[in-house]
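Colleague: Structure provided below as structure tokens; questions to follow.
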Amino acid sequence: MNINQVREALTRRPFRAFRLRTADDYEYEVRHPEFMALAQDGRSVFVSKENGAFEILDLLLVSSLIFHAPNGDSHPPPPGGRNGKRKKK
């Protein structure tokens, strides 16, 4: 994954919520563009969690972006969210 792909998803108008999936199957929800920031070096992203904490992710470890359906129904996280948790198989 490169910074341009993430920047495009983040600046898309109208914004469409998405998840970042890492190589070890953790997923990070980005429900609003203000919940994520890009590092100036272009290698890292900061993802805010609902509880006010945040994660710093190396983009080399992000394997895919998963977009919600335009109506918002596609694969919603379980109650309480799952940011930073391993995807169940």
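Ligands are numbered from 1 in the order shown, residues from 1 within each chain, and chains are lettered A, B, ... in the order they appear in the structure tokens.
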Run DSSP on the backbone and grab whatever in region 8-51 of chain A lands in helix (DSSP H, G or I); send it over as a PDB file with N, CA and C atoms, in the first residue's frame.

Modeller:
```
ATOM      1  N   GLU A   8      -5.855   9.224  -1.395  1.00  0.00           N
ATOM      2  CA  GLU A   8      -7.024   9.275  -2.272  1.00  0.00           C
ATOM      3  C   GLU A   8      -8.287   8.831  -1.536  1.00  0.00           C
ATOM      4  N   ALA A   9      -8.189   7.770  -0.751  1.00  0.00           N
ATOM      5  CA  ALA A   9      -9.340   7.297   0.020  1.00  0.00           C
ATOM      6  C   ALA A   9      -9.744   8.317   1.078  1.00  0.00           C
ATOM      7  N   LEU A  10      -8.771   8.970   1.672  1.00  0.00           N
ATOM      8  CA  LEU A  10      -9.032   9.915   2.742  1.00  0.00           C
ATOM      9  C   LEU A  10      -9.631  11.228   2.250  1.00  0.00           C
ATOM     10  N   THR A  11      -9.261  11.645   1.035  1.00  0.00           N
ATOM     11  CA  THR A  11      -9.724  12.934   0.512  1.00  0.00           C
ATOM     12  C   THR A  11     -10.897  12.802  -0.457  1.00  0.00           C
ATOM     13  N   PRO A  33     -12.918  11.396   7.773  1.00  0.00           N
ATOM     14  CA  PRO A  33     -11.547  11.803   7.445  1.00  0.00           C
ATOM     15  C   PRO A  33     -10.781  12.410   8.619  1.00  0.00           C
ATOM     16  N   GLU A  34     -11.478  12.954   9.598  1.00  0.00           N
ATOM     17  CA  GLU A  34     -10.782  13.523  10.748  1.00  0.00           C
ATOM     18  C   GLU A  34     -10.262  12.458  11.703  1.00  0.00           C
ATOM     19  N   PHE A  35     -10.601  11.196  11.477  1.00  0.00           N
ATOM     20  CA  PHE A  35     -10.137  10.114  12.335  1.00  0.00           C
ATOM     21  C   PHE A  35      -8.803   9.536  11.870  1.00  0.00           C
TER      22      PHE A  35
END
```

Colleague: Between A:Arg7, A:Lys49, A:Ala17, A:Ala37, single out the one closest to Ala69 (chain A), counting only C-alpha atoms.

Modeller: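 Selected residue with least distance to Ala69 (chain A): A:Ala17.
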
Colleague: Rounded to one decimal in Å, what is the spacing between CA of Ile56 (chain A) and CA of Gly42 (chain A)?

Modeller: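 Computing the Euclidean distance for CA of Ile56 (chain A) and CA of Gly42 (chain A) yields 12.4 Å.
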
Colleague: So how far away is CA of Gly52 (chain A) from CA of Phe67 (chain A), in Å?

Modeller: 22.8 Å

Colleague: For Leu61 (chain A), which of A:Arg12, A:Asn2, A:Leu38, A:Arg19 is the closest residue, counting only C-alpha atoms?

Modeller: A:Asn2

Colleague: Identify, with DSSP run on backbone atoms, the residues in region 18-83 of chain A assigned to strand (DSSP E), and express the list as a list in words.

Modeller: Phe18, Arg19, Leu20, Arg21, Thr22, Tyr26, Glu27, Tyr28, Glu29, Val30, Met36, Ala37, Leu38, Ser44, Val45, Phe46, Val47, Ser48, Phe54, Glu55, Ile56, Leu57, Asp58, Val62, Ser63, Ser64, Leu65, Ile66 and Phe67 of chain A

Colleague: Mind dumping the selected residues with C-alpha atoms as a short mmCIF file (atom, residue, chain, number, x, y, z; two decimals), in the first residue's frame?

Modeller:
```
data_model
loop_
_atom_site.label_atom_id
_atom_site.label_comp_id
_atom_site.auth_asym_id
_atom_site.auth_seq_id
_atom_site.Cartn_x
_atom_site.Cartn_y
_atom_site.Cartn_z
CA PHE A 18 -13.15 2.33 4.97
CA ARG A 19 -10.98 -0.06 6.94
CA LEU A 20 -7.24 -0.53 6.73
CA ARG A 21 -6.26 -4.21 6.91
CA THR A 22 -2.72 -5.08 7.94
CA TYR A 26 -5.79 -6.51 12.07
CA GLU A 27 -8.33 -3.97 10.85
CA TYR A 28 -8.60 -0.26 11.63
CA GLU A 29 -11.85 1.60 10.98
CA VAL A 30 -11.78 5.09 9.43
CA MET A 36 -6.94 9.65 10.33
CA ALA A 37 -3.80 11.67 9.63
CA LEU A 38 -0.88 11.08 7.28
CA SER A 44 3.01 6.16 8.41
CA VAL A 45 -0.62 6.92 9.21
CA PHE A 46 -2.27 7.78 12.50
CA VAL A 47 -5.70 6.22 13.09
CA SER A 48 -7.85 7.53 15.92
CA PHE A 54 -4.69 6.24 18.38
CA GLU A 55 -2.55 3.77 16.46
CA ILE A 56 0.46 4.56 14.30
CA LEU A 57 0.65 2.21 11.33
CA ASP A 58 3.51 1.68 8.94
CA VAL A 62 -1.07 -2.30 5.34
CA SER A 63 -2.23 -4.90 2.84
CA SER A 64 -5.58 -3.50 1.73
CA LEU A 65 -8.30 -0.88 2.01
CA ILE A 66 -11.85 -2.17 2.47
CA PHE A 67 -14.56 0.30 1.55
#
```
